[in-house]
>>> print(open('protein_7.txt').read())   # compact mmCIF, C-alpha atoms
# COMPACT_ATOMS: atom_id res chain seq x y z
CA MET A 1 -1.31 98.36 -120.81
CA ARG A 2 1.26 95.71 -119.88
CA PHE A 3 4.48 96.37 -118.04
CA PHE A 4 7.59 94.74 -116.62
CA HIS A 5 9.19 96.02 -113.40
CA ILE A 6 12.76 94.97 -112.67
CA ALA A 7 15.44 96.39 -110.38
CA ASP A 8 18.93 95.82 -109.00
CA VAL A 9 20.26 93.86 -111.95
CA HIS A 10 23.86 94.74 -110.98
CA LEU A 11 25.41 94.06 -114.36
CA GLY A 12 29.18 93.73 -113.88
CA ALA A 13 28.93 92.22 -110.42
CA GLU A 14 31.09 89.17 -109.67
CA PRO A 15 29.32 87.44 -106.77
CA ASP A 16 31.38 85.29 -104.40
CA LYS A 17 34.66 86.38 -105.96
CA GLY A 18 37.23 83.62 -105.65
CA CYS A 19 34.68 80.81 -105.55
CA PRO A 20 34.66 78.31 -108.45
CA TRP A 21 31.31 79.56 -109.76
CA SER A 22 32.02 83.30 -109.50
CA GLN A 23 32.80 84.00 -113.16
CA ASP A 24 29.81 81.93 -114.20
CA ARG A 25 27.59 84.09 -111.99
CA SER A 26 28.89 87.28 -113.58
CA ARG A 27 27.96 85.97 -117.02
CA GLU A 28 24.64 84.57 -115.81
CA ILE A 29 23.51 88.01 -114.59
CA TRP A 30 23.87 89.31 -118.15
CA ASP A 31 22.14 86.22 -119.56
CA SER A 32 19.23 86.56 -117.14
CA PHE A 33 18.81 90.24 -118.04
CA GLN A 34 18.81 89.46 -121.75
CA LYS A 35 16.23 86.71 -121.31
CA ALA A 36 14.02 89.07 -119.26
CA ILE A 37 14.09 91.55 -122.16
CA GLU A 38 13.21 88.77 -124.59
CA GLN A 39 10.35 87.74 -122.31
CA ALA A 40 9.04 91.31 -122.28
CA GLY A 41 8.93 91.17 -126.08
CA LYS A 42 6.99 87.87 -126.03
CA PHE A 43 4.61 89.38 -123.47
CA HIS A 44 4.14 92.43 -125.74
CA ALA A 45 4.95 94.69 -122.79
CA ASP A 46 4.20 98.37 -123.37
CA LEU A 47 6.56 99.48 -120.58
CA PHE A 48 9.80 98.08 -119.20
CA LEU A 49 10.65 99.84 -115.90
CA ILE A 50 14.11 99.60 -114.31
CA ALA A 51 14.12 100.92 -110.72
CA GLY A 52 17.83 101.65 -110.32
CA ASP A 53 21.16 99.81 -110.05
CA LEU A 54 21.08 98.36 -113.54
CA PHE A 55 24.86 98.29 -113.14
CA HIS A 56 26.90 97.23 -110.12
CA ARG A 57 29.24 100.20 -110.53
CA GLN A 58 29.81 103.10 -112.91
CA PRO A 59 29.09 101.73 -116.40
CA LEU A 60 31.54 102.11 -119.25
CA VAL A 61 30.43 103.29 -122.68
CA LYS A 62 30.88 99.74 -124.00
CA ASP A 63 28.49 98.50 -121.29
CA LEU A 64 25.85 101.03 -122.30
CA LYS A 65 26.25 100.05 -125.97
CA LYS A 66 25.71 96.41 -125.04
CA VAL A 67 22.58 97.23 -123.02
CA ASN A 68 21.25 99.55 -125.71
CA ALA A 69 21.60 96.73 -128.24
CA LEU A 70 19.53 94.49 -125.97
CA PHE A 71 16.89 97.21 -125.63
CA SER A 72 16.70 97.43 -129.42
CA MET A 73 15.37 93.84 -129.41
CA ILE A 74 12.02 95.18 -128.14
CA PRO A 75 11.53 98.37 -130.19
CA ASP A 76 7.80 98.53 -129.47
CA THR A 77 8.37 98.57 -125.70
CA LYS A 78 9.08 101.87 -123.96
CA ILE A 79 11.98 101.47 -121.54
CA VAL A 80 12.33 103.88 -118.60
CA LEU A 81 15.20 103.71 -116.13
CA ILE A 82 16.81 105.61 -113.27
CA ALA A 83 20.30 105.43 -111.77
CA GLY A 84 20.56 104.00 -108.25
CA ASN A 85 23.17 104.30 -105.54
CA HIS A 86 25.54 101.80 -107.21
CA ASP A 87 25.45 103.26 -110.72
CA TYR A 88 24.83 106.86 -109.60
CA LEU A 89 25.49 109.72 -112.02
CA ARG A 90 28.95 111.11 -111.42
CA LYS A 91 29.87 114.29 -113.27
CA ASP A 92 31.73 112.19 -115.83
CA SER A 93 29.16 109.40 -115.98
CA PRO A 94 28.62 108.01 -119.50
CA TYR A 95 24.91 107.95 -118.61
CA ARG A 96 24.85 111.72 -119.10
CA LYS A 97 26.03 111.80 -122.74
CA PHE A 98 25.11 108.40 -124.11
CA LYS A 99 22.73 108.39 -127.08
CA TRP A 100 20.07 105.81 -126.31
CA GLY A 101 17.74 104.15 -128.78
CA LYS A 102 14.38 105.69 -129.61
CA ASN A 103 12.55 103.40 -127.17
CA VAL A 104 14.70 104.33 -124.12
CA TRP A 105 14.12 107.16 -121.63
CA GLY A 106 16.31 107.91 -118.63
CA LEU A 107 15.07 110.09 -115.77
CA TRP A 108 18.58 111.39 -115.07
CA SER A 109 17.72 114.48 -113.04
CA GLN A 110 18.44 114.38 -109.29
CA LYS A 111 15.14 116.17 -108.81
CA ILE A 112 11.82 114.47 -109.45
CA SER A 113 11.06 114.62 -113.17
CA HIS A 114 8.72 112.76 -115.49
CA VAL A 115 8.14 111.43 -118.96
CA ASP A 116 4.69 111.21 -120.56
CA PHE A 117 3.45 108.65 -123.05
CA PRO A 118 0.14 110.05 -124.36
CA ASP A 119 -0.45 107.01 -126.57
CA LEU A 120 -0.52 104.86 -123.41
CA GLY A 121 -2.11 107.51 -121.21
CA VAL A 122 0.69 107.14 -118.66
CA ARG A 123 3.19 109.38 -116.85
CA ILE A 124 6.33 107.94 -115.23
CA ARG A 125 7.92 109.98 -112.42
CA GLY A 126 11.22 109.47 -110.68
CA CYS A 127 14.77 110.69 -110.16
CA SER A 128 18.33 109.38 -110.28
CA TYR A 129 21.08 109.32 -107.69
CA GLY A 130 23.86 111.86 -108.15
CA SER A 131 25.83 110.43 -105.22
CA ARG A 132 26.16 107.15 -103.35
CA GLU A 133 23.85 108.31 -100.57
CA ILE A 134 20.69 110.42 -100.36
CA THR A 135 19.33 110.81 -96.84
CA ARG A 136 16.35 113.05 -97.70
CA PRO A 137 12.91 111.37 -98.07
CA LEU A 138 12.38 112.67 -101.61
CA TYR A 139 9.29 110.57 -102.30
CA ASP A 140 7.30 111.46 -99.18
CA PRO A 141 5.66 114.68 -100.50
CA LEU A 142 4.79 113.29 -103.93
CA LYS A 143 1.17 113.00 -105.04
CA LYS A 144 -0.47 111.89 -108.24
CA SER A 145 -1.00 115.01 -110.36
CA GLY A 146 -4.15 113.87 -112.15
CA GLU A 147 -2.75 115.16 -115.45
CA MET A 148 -2.59 111.68 -116.97
CA PRO A 149 -5.00 108.75 -116.58
CA VAL A 150 -2.24 106.54 -115.15
CA GLU A 151 0.77 107.69 -113.12
CA ILE A 152 3.62 105.45 -112.03
CA LEU A 153 6.42 106.30 -109.60
CA LEU A 154 9.81 104.75 -110.33
CA ALA A 155 11.77 104.85 -107.07
CA HIS A 156 15.00 103.53 -105.55
CA GLY A 157 15.59 103.53 -101.81
CA GLY A 158 14.17 102.46 -98.49
CA ASP A 159 16.80 102.85 -95.78
CA GLU A 160 18.18 105.79 -93.83
CA LYS A 161 21.09 106.40 -96.23
CA HIS A 162 19.23 105.77 -99.46
CA ILE A 163 16.06 107.88 -99.69
CA PRO A 164 14.09 106.80 -96.61
CA ILE A 165 10.61 105.62 -97.53
CA SER A 166 7.36 105.89 -95.59
CA LYS A 167 5.01 103.09 -96.56
CA GLU A 168 2.06 105.12 -95.27
CA LYS A 169 2.93 108.19 -97.35
CA LEU A 170 3.47 106.10 -100.45
CA ALA A 171 0.12 104.42 -99.92
CA SER A 172 -1.65 107.78 -99.71
CA SER A 173 0.18 109.31 -102.71
CA GLY A 174 -2.43 108.19 -105.21
CA PHE A 175 -0.02 106.68 -107.74
CA ASP A 176 -1.52 103.83 -109.69
CA TYR A 177 1.67 101.82 -109.26
CA ILE A 178 4.97 102.39 -107.43
CA ALA A 179 7.90 100.40 -108.81
CA LEU A 180 10.58 100.15 -106.12
CA GLY A 181 14.24 99.16 -106.21
CA HIS A 182 17.18 98.90 -103.77
CA ILE A 183 15.92 96.13 -101.47
CA HIS A 184 17.12 92.87 -103.00
CA LYS A 185 14.45 90.58 -101.62
CA PRO A 186 11.16 90.91 -103.53
CA GLN A 187 8.35 92.17 -101.34
CA VAL A 188 4.90 93.66 -101.73
CA LEU A 189 4.14 96.72 -99.57
CA GLN A 190 0.60 97.04 -100.91
CA LYS A 191 -1.00 94.44 -103.15
CA ASP A 192 -0.92 95.37 -106.85
CA ARG A 193 0.19 98.93 -106.02
CA ILE A 194 3.56 99.16 -104.24
CA ALA A 195 6.29 96.56 -104.60
CA TYR A 196 10.01 95.89 -104.59
CA ALA A 197 10.86 93.69 -107.55
CA GLY A 198 14.00 92.57 -105.73
CA ALA A 199 17.28 91.80 -107.47
CA LEU A 200 16.81 90.06 -110.80
CA GLU A 201 19.56 87.62 -109.77
CA PRO A 202 20.87 87.18 -106.21
CA ILE A 203 24.33 88.69 -105.82
CA ASP A 204 25.38 87.68 -102.31
CA LYS A 205 24.66 85.05 -99.68
CA ASN A 206 22.08 87.26 -97.95
CA ASP A 207 19.93 87.30 -101.11
CA THR A 208 18.24 84.03 -100.22
CA GLY A 209 15.01 82.79 -101.76
CA PRO A 210 13.44 83.34 -105.21
CA HIS A 211 14.44 86.31 -107.37
CA GLY A 212 12.99 87.67 -110.58
CA PHE A 213 10.77 90.51 -111.77
CA ILE A 214 7.21 91.80 -111.58
CA GLN A 215 4.85 91.50 -114.50
CA GLY A 216 1.78 93.72 -114.50
CA GLU A 217 -1.21 94.90 -116.41
CA ILE A 218 -3.32 98.03 -116.04
CA ARG A 219 -6.81 97.78 -117.50
CA ASN A 220 -9.74 100.15 -116.89
CA GLY A 221 -7.82 101.79 -114.06
CA ARG A 222 -7.19 98.50 -112.28
CA VAL A 223 -3.68 97.17 -111.70
CA ARG A 224 -2.85 93.47 -111.48
CA THR A 225 0.67 92.25 -110.80
CA ALA A 226 2.46 88.95 -110.37
CA PHE A 227 5.98 88.10 -109.29
CA VAL A 228 7.81 85.96 -111.84
CA PRO A 229 10.69 83.82 -110.48
CA TRP A 230 13.49 84.19 -112.98
CA ALA A 231 16.92 83.70 -111.38
CA LEU A 232 19.11 80.87 -112.61
CA ARG A 233 20.24 80.06 -109.06
CA GLU A 234 19.29 80.74 -105.46
CA TYR A 235 21.30 81.18 -102.29
CA GLN A 236 19.95 78.73 -99.76
CA ASN A 237 20.63 78.02 -96.10
CA ALA A 238 20.43 74.35 -95.20
CA GLU A 239 20.79 72.39 -91.97
CA ILE A 240 22.56 69.04 -91.89
CA LYS A 241 21.66 66.78 -88.95
CA VAL A 242 24.30 64.45 -87.50
CA THR A 243 24.15 61.70 -84.88
CA GLU A 244 26.65 59.64 -82.92
CA GLU A 245 26.82 57.28 -85.90
CA THR A 246 27.72 60.00 -88.41
CA THR A 247 31.20 59.70 -89.90
CA GLN A 248 33.12 62.06 -92.17
CA TYR A 249 32.12 59.94 -95.18
CA SER A 250 28.46 59.65 -94.26
CA LEU A 251 28.31 63.40 -93.53
CA GLU A 252 29.61 64.16 -97.01
CA GLN A 253 26.95 61.85 -98.47
CA LYS A 254 24.22 63.58 -96.40
CA ILE A 255 25.35 66.91 -97.85
CA ARG A 256 25.34 65.57 -101.40
CA ASP A 257 21.85 64.17 -100.93
CA LYS A 258 20.56 67.43 -99.46
CA ILE A 259 22.01 69.49 -102.31
CA SER A 260 20.64 67.06 -104.89
CA ALA A 261 17.16 67.41 -103.38
CA LEU A 262 17.26 71.22 -103.16
CA GLY A 263 18.95 71.87 -106.50
CA GLU A 264 22.55 71.34 -107.54
CA GLN A 265 22.66 74.71 -109.31
CA ASN A 266 22.05 76.63 -106.08
CA ILE A 267 24.66 78.06 -103.71
CA TYR A 268 24.60 76.92 -100.10
CA THR A 269 25.45 78.01 -96.60
CA LEU A 270 25.37 74.85 -94.47
CA THR A 271 25.01 74.45 -90.72
CA ILE A 272 25.86 71.12 -89.11
CA GLN A 273 23.61 70.43 -86.12
CA GLY A 274 23.09 67.55 -83.69
CA LYS A 275 25.06 65.33 -81.31
CA ARG A 276 28.14 63.59 -82.66
CA ASP A 277 30.39 60.92 -81.21
CA PRO A 278 32.77 62.67 -78.77
CA GLU A 279 35.73 61.15 -80.60
CA THR A 280 34.57 62.37 -84.02
CA GLU A 281 35.79 65.66 -85.46
CA PHE A 282 34.56 66.68 -88.89
CA TYR A 283 37.11 68.00 -91.38
CA LEU A 284 35.12 70.82 -92.96
CA LYS A 285 37.52 71.73 -95.75
CA SER A 286 36.96 68.43 -97.56
CA LEU A 287 33.17 68.91 -97.49
CA TYR A 288 33.21 71.91 -99.85
CA GLY A 289 33.63 69.59 -102.81
CA ALA A 290 30.13 68.20 -102.30
CA GLY A 291 28.51 71.07 -104.25
CA ASN A 292 28.32 74.85 -104.60
CA ILE A 293 29.04 75.48 -100.93
CA ARG A 294 29.96 78.98 -99.83
CA ASP A 295 30.14 78.48 -96.05
CA ILE A 296 29.93 75.61 -93.59
CA GLU A 297 29.50 76.10 -89.85
CA ASP A 298 29.80 73.17 -87.48
CA LYS A 299 27.42 73.67 -84.56
CA SER A 300 27.31 69.98 -83.65
CA GLN A 301 28.18 68.99 -80.11
CA PRO A 302 29.84 65.92 -78.67
CA SER A 303 27.29 63.61 -77.09
CA TYR A 304 28.68 63.78 -73.57
CA SER A 305 26.43 62.78 -70.70
CA LEU A 306 27.37 65.46 -68.20
CA GLU A 307 25.92 63.64 -65.20
CA GLU A 308 27.67 60.45 -66.19
CA LEU A 309 30.98 62.29 -66.51
CA CYS A 310 30.47 63.89 -63.10
CA ARG A 311 29.77 60.50 -61.54
CA LYS A 312 32.74 58.90 -63.25
CA TYR A 313 35.14 61.68 -62.27
CA ARG A 314 33.61 62.60 -58.92
CA GLY A 315 35.81 64.96 -56.93
CA SER A 316 38.00 65.76 -59.93
CA LEU A 317 38.84 68.98 -61.72
CA LEU A 318 36.54 67.82 -64.53
CA GLU A 319 33.50 67.57 -62.21
CA GLU A 320 34.29 70.97 -60.75
CA TYR A 321 34.58 72.43 -64.26
CA ILE A 322 31.23 70.98 -65.40
CA ARG A 323 29.41 72.11 -62.21
CA SER A 324 30.77 75.65 -62.67
CA PHE A 325 28.49 76.15 -65.69
CA GLY A 326 25.31 75.52 -63.68
CA GLY A 327 22.37 73.53 -64.92
CA ASN A 328 21.35 75.47 -68.04
CA PRO A 329 24.26 77.00 -69.99
CA ASP A 330 23.41 79.11 -73.06
CA LYS A 331 24.76 78.29 -76.54
CA GLU A 332 28.04 80.14 -76.12
CA GLU A 333 28.58 78.66 -72.69
CA GLN A 334 27.82 75.18 -74.04
CA LYS A 335 30.45 75.67 -76.69
CA ALA A 336 33.04 76.59 -74.06
CA LEU A 337 31.88 73.77 -71.79
CA TYR A 338 32.28 71.03 -74.41
CA TYR A 339 35.59 72.45 -75.62
CA GLY A 340 36.89 72.42 -72.07
CA ILE A 341 35.66 68.87 -71.41
CA GLY A 342 37.46 67.65 -74.51
CA ALA A 343 40.66 69.40 -73.48
CA LEU A 344 40.55 68.00 -69.94
CA LEU A 345 39.82 64.47 -71.14
CA GLU A 346 42.79 64.65 -73.49
CA THR A 347 45.15 65.50 -70.59
CA GLY A 348 44.70 62.07 -69.09
CA GLU A 349 43.03 60.68 -66.00
CA GLU A 350 45.95 61.48 -63.73
CA ILE A 351 45.31 65.23 -64.04
CA LEU A 352 41.58 64.73 -63.56
>>> encode(input="protein_7.txt", output="structure tokens")
Amino acid sequence: MRFFHIADVHLGAEPDKGCPWSQDRSREIWDSFQKAIEQAGKFHADLFLIAGDLFHRQPLVKDLKKVNALFSMIPDTKIVLIAGNHDYLRKDSPYRKFKWGKNVWGLWSQKISHVDFPDLGVRIRGCSYGSREITRPLYDPLKKSGEMPVEILLAHGGDEKHIPISKEKLASSGFDYIALGHIHKPQVLQKDRIAYAGALEPIDKNDTGPHGFIQGEIRNGRVRTAFVPWALREYQNAEIKVTEETTQYSLEQKIRDKISALGEQNIYTLTIQGKRDPETEFYLKSLYGAGNIRDIEDKSQPSYSLEELCRKYRGSLLEEYIRSFGGNPDKEEQKALYYGIGALLETGEEIL
């Protein structure tokens, strides 16, 4: 039996709203989801498991129709999904009344329920969110029933406000596979048995690194899984080193080169580090045009020689100011120190 495990698709999300690429990202999330479904068909997957938050918010009927049409592309694959904390089942949720295709099953109860597929010899258990938060550890007491050869738990949660999860209790539950959602970074809690698929596409700057889905196979009672990178873009954090020779122009070129090497399609948070010429100030706003840059932080420092300044301005207010920080200021103190030095130097030698 072959299966796909995806989670946290967040259809309808508009990441980085206001940024030039935001609308593209909203469309790309749909495109990535469609291509994942197509891939499941090529893989001849028997099961397609969606561990919550298929939508970023309450879906409209037109959204469900669009998704149902995509599901109809793989009629031989059984699709099972639950609602997560983002697309939870309100009393008026279209999830409750929508007529899905014959190959789609939703575990919409807020209590643990299941669906059996005797032809595959598999039972899928899980529950949906009926509110934004569930603080009870609903999965902790669950155990494999033994009523079907293979039992899979479809679960969404993992923090104190969204169904707290005990890794130890999950590991001892006996389920053949536990398909987790809610945590956006893919991670394996127990090899081939318990895993977060992570978000199919990253949706904010904290979703760094690869994203995709899990592809698995269960044969003769043995489960094998593999993470498949699938996202069209990544959020990446990158450091840009500067020196006393770095100018505004050369800094922009460094950024362009870095982005070219790491991937121009990706979205970046940049940190400028190093020692710059004391007379150089970088104009950050003009650097954003060098690529898909979400944030830039300048942590560079002017290349003052503190001892040299103290010797040059011995007995002055500047020397007294520098000595007041001691010999080993921390990062915040260094920031204040260099800011103050610059301000004092700008006042002129007569005040020093």
>>> residues_around(input="protein_7.txt", residues="Ile296 in chain A", least_positions_apart="2", cutoff="7 Å", atoms="all atoms listed in the file", output="PyMOL selection string")
chain A and resi 269-271+298
>>> atom_distance(input="protein_7.txt", atom1="CA of Glu307 in chain A", atom2="CA of Tyr283 in chain A")
28.8 Å
>>> closest_atom_pairs(input="protein_7.txt", of="range 29-88 of chain A", to="range 156-164 of chain A", cutoff="9 Å", atoms="all atoms listed in the file", output="tab-separated table")
residue	atom	partner	partner_atom	distance
A:Ala51	CA	A:His156	CA	5.9
A:Gly52	CA	A:His156	CA	5.9
A:Asp53	CA	A:His156	CA	8.5
A:Ile82	CA	A:His156	CA	8.2
A:Ala83	CA	A:His156	CA	8.4
A:Gly84	CA	A:His156	CA	6.2
A:Asn85	CA	A:His162	CA	7.4
>>> residues_around(input="protein_7.txt", residues="Gly212 in chain A", least_positions_apart="2", cutoff="10 Å", atoms="all atoms listed in the file", output="MDAnalysis selection string")
chainID A and resid 5:7 9 32:33 36 185:186 197:202 210 214:215 227:232
>>> axis_aligned_box(input="protein_7.txt", around="range 217-224 of chain A", padding_each_side="8 Å", output="AutoDock Vina command-line options")
--center_x -5.5 --center_y 97.6 --center_z -114.5 --size_x 24.5 --size_y 24.3 --size_z 22.0
>>> closest_residue(input="protein_7.txt", among="A:Arg323, A:Lys241, A:Arg219, A:Lys17", to="Asp176 in chain A", atoms="all atoms listed in the file")
A:Arg219
>>> closest_residue(input="protein_7.txt", among="A:Ile134, A:Ile50, A:Leu287, A:Leu170", to="Ile240 in chain A", atoms="all atoms listed in the file")
A:Leu287
>>> closest_residue(input="protein_7.txt", among="A:Tyr235, A:Tyr139, A:Tyr249, A:Phe4", to="Ile79 in chain A", atoms="only C-alpha atoms")
A:Phe4
>>> atom_distance(input="protein_7.txt", atom1="CA of Met73 in chain A", atom2="CA of His182 in chain A")
26.2 Å
>>> closest_residue(input="protein_7.txt", among="A:Gly41, A:Gly121, A:Gly126, A:Gly340", to="Gly106 in chain A", atoms="all atoms listed in the file")
A:Gly126
>>> closest_residue(input="protein_7.txt", among="A:Ile194, A:Leu306, A:Leu262, A:Val242", to="Asp277 in chain A", atoms="all atoms listed in the file")
A:Val242
>>> closest_residue(input="protein_7.txt", among="A:Ser286, A:Gln187, A:Asn220, A:Ser300", to="Glu244 in chain A", atoms="only C-alpha atoms")
A:Ser300
>>> residues_around(input="protein_7.txt", residues="Tyr95 in chain A", least_positions_apart="5", cutoff="9 Å", atoms="only C-alpha atoms", output="short mmCIF file (atom, residue, chain, number, x, y, z; two decimals) with C-alpha atoms, in the coordinates of the input")
data_model
loop_
_atom_site.label_atom_id
_atom_site.label_comp_id
_atom_site.auth_asym_id
_atom_site.auth_seq_id
_atom_site.Cartn_x
_atom_site.Cartn_y
_atom_site.Cartn_z
CA GLN A 58 29.81 103.10 -112.91
CA PRO A 59 29.09 101.73 -116.40
CA LEU A 60 31.54 102.11 -119.25
CA VAL A 61 30.43 103.29 -122.68
CA LEU A 64 25.85 101.03 -122.30
CA ALA A 83 20.30 105.43 -111.77
CA LEU A 89 25.49 109.72 -112.02
CA ARG A 90 28.95 111.11 -111.42
CA GLY A 106 16.31 107.91 -118.63
CA TRP A 108 18.58 111.39 -115.07
#
>>> atom_distance(input="protein_7.txt", atom1="CA of Glu346 in chain A", atom2="CA of Pro278 in chain A")
11.5 Å
>>> residues_around(input="protein_7.txt", residues="Asp63 in chain A", least_positions_apart="6", cutoff="9 Å", atoms="only C-alpha atoms", output="NGL selection string")
:A and (11-12 or 55)
>>> residues_near_point(input="protein_7.txt", point="(27.5, 63.2, -95.7)", cutoff="12 Å", atoms="only C-alpha atoms", output="PDB file with C-alpha atoms, in the coordinates of the input")
ATOM      1  CA  GLU A 239      20.790  72.390 -91.970  1.00  0.00           C
ATOM      2  CA  ILE A 240      22.560  69.040 -91.890  1.00  0.00           C
ATOM      3  CA  LYS A 241      21.660  66.780 -88.950  1.00  0.00           C
ATOM      4  CA  VAL A 242      24.300  64.450 -87.500  1.00  0.00           C
ATOM      5  CA  THR A 243      24.150  61.700 -84.880  1.00  0.00           C
ATOM      6  CA  GLU A 245      26.820  57.280 -85.900  1.00  0.00           C
ATOM      7  CA  THR A 246      27.720  60.000 -88.410  1.00  0.00           C
ATOM      8  CA  THR A 247      31.200  59.700 -89.900  1.00  0.00           C
ATOM      9  CA  GLN A 248      33.120  62.060 -92.170  1.00  0.00           C
ATOM     10  CA  TYR A 249      32.120  59.940 -95.180  1.00  0.00           C
ATOM     11  CA  SER A 250      28.460  59.650 -94.260  1.00  0.00           C
ATOM     12  CA  LEU A 251      28.310  63.400 -93.530  1.00  0.00           C
ATOM     13  CA  GLU A 252      29.610  64.160 -97.010  1.00  0.00           C
ATOM     14  CA  GLN A 253      26.950  61.850 -98.470  1.00  0.00           C
ATOM     15  CA  LYS A 254      24.220  63.580 -96.400  1.00  0.00           C
ATOM     16  CA  ILE A 255      25.350  66.910 -97.850  1.00  0.00           C
ATOM     17  CA  ARG A 256      25.340  65.570-101.400  1.00  0.00           C
ATOM     18  CA  ASP A 257      21.850  64.170-100.930  1.00  0.00           C
ATOM     19  CA  LYS A 258      20.560  67.430 -99.460  1.00  0.00           C
ATOM     20  CA  ILE A 259      22.010  69.490-102.310  1.00  0.00           C
ATOM     21  CA  LEU A 270      25.370  74.850 -94.470  1.00  0.00           C
ATOM     22  CA  ILE A 272      25.860  71.120 -89.110  1.00  0.00           C
ATOM     23  CA  PHE A 282      34.560  66.680 -88.890  1.00  0.00           C
ATOM     24  CA  TYR A 283      37.110  68.000 -91.380  1.00  0.00           C
ATOM     25  CA  LEU A 284      35.120  70.820 -92.960  1.00  0.00           C
ATOM     26  CA  SER A 286      36.960  68.430 -97.560  1.00  0.00           C
ATOM     27  CA  LEU A 287      33.170  68.910 -97.490  1.00  0.00           C
ATOM     28  CA  TYR A 288      33.210  71.910 -99.850  1.00  0.00           C
ATOM     29  CA  GLY A 289      33.630  69.590-102.810  1.00  0.00           C
ATOM     30  CA  ALA A 290      30.130  68.200-102.300  1.00  0.00           C
ATOM     31  CA  GLY A 291      28.510  71.070-104.250  1.00  0.00           C
TER      32      GLY A 291
END
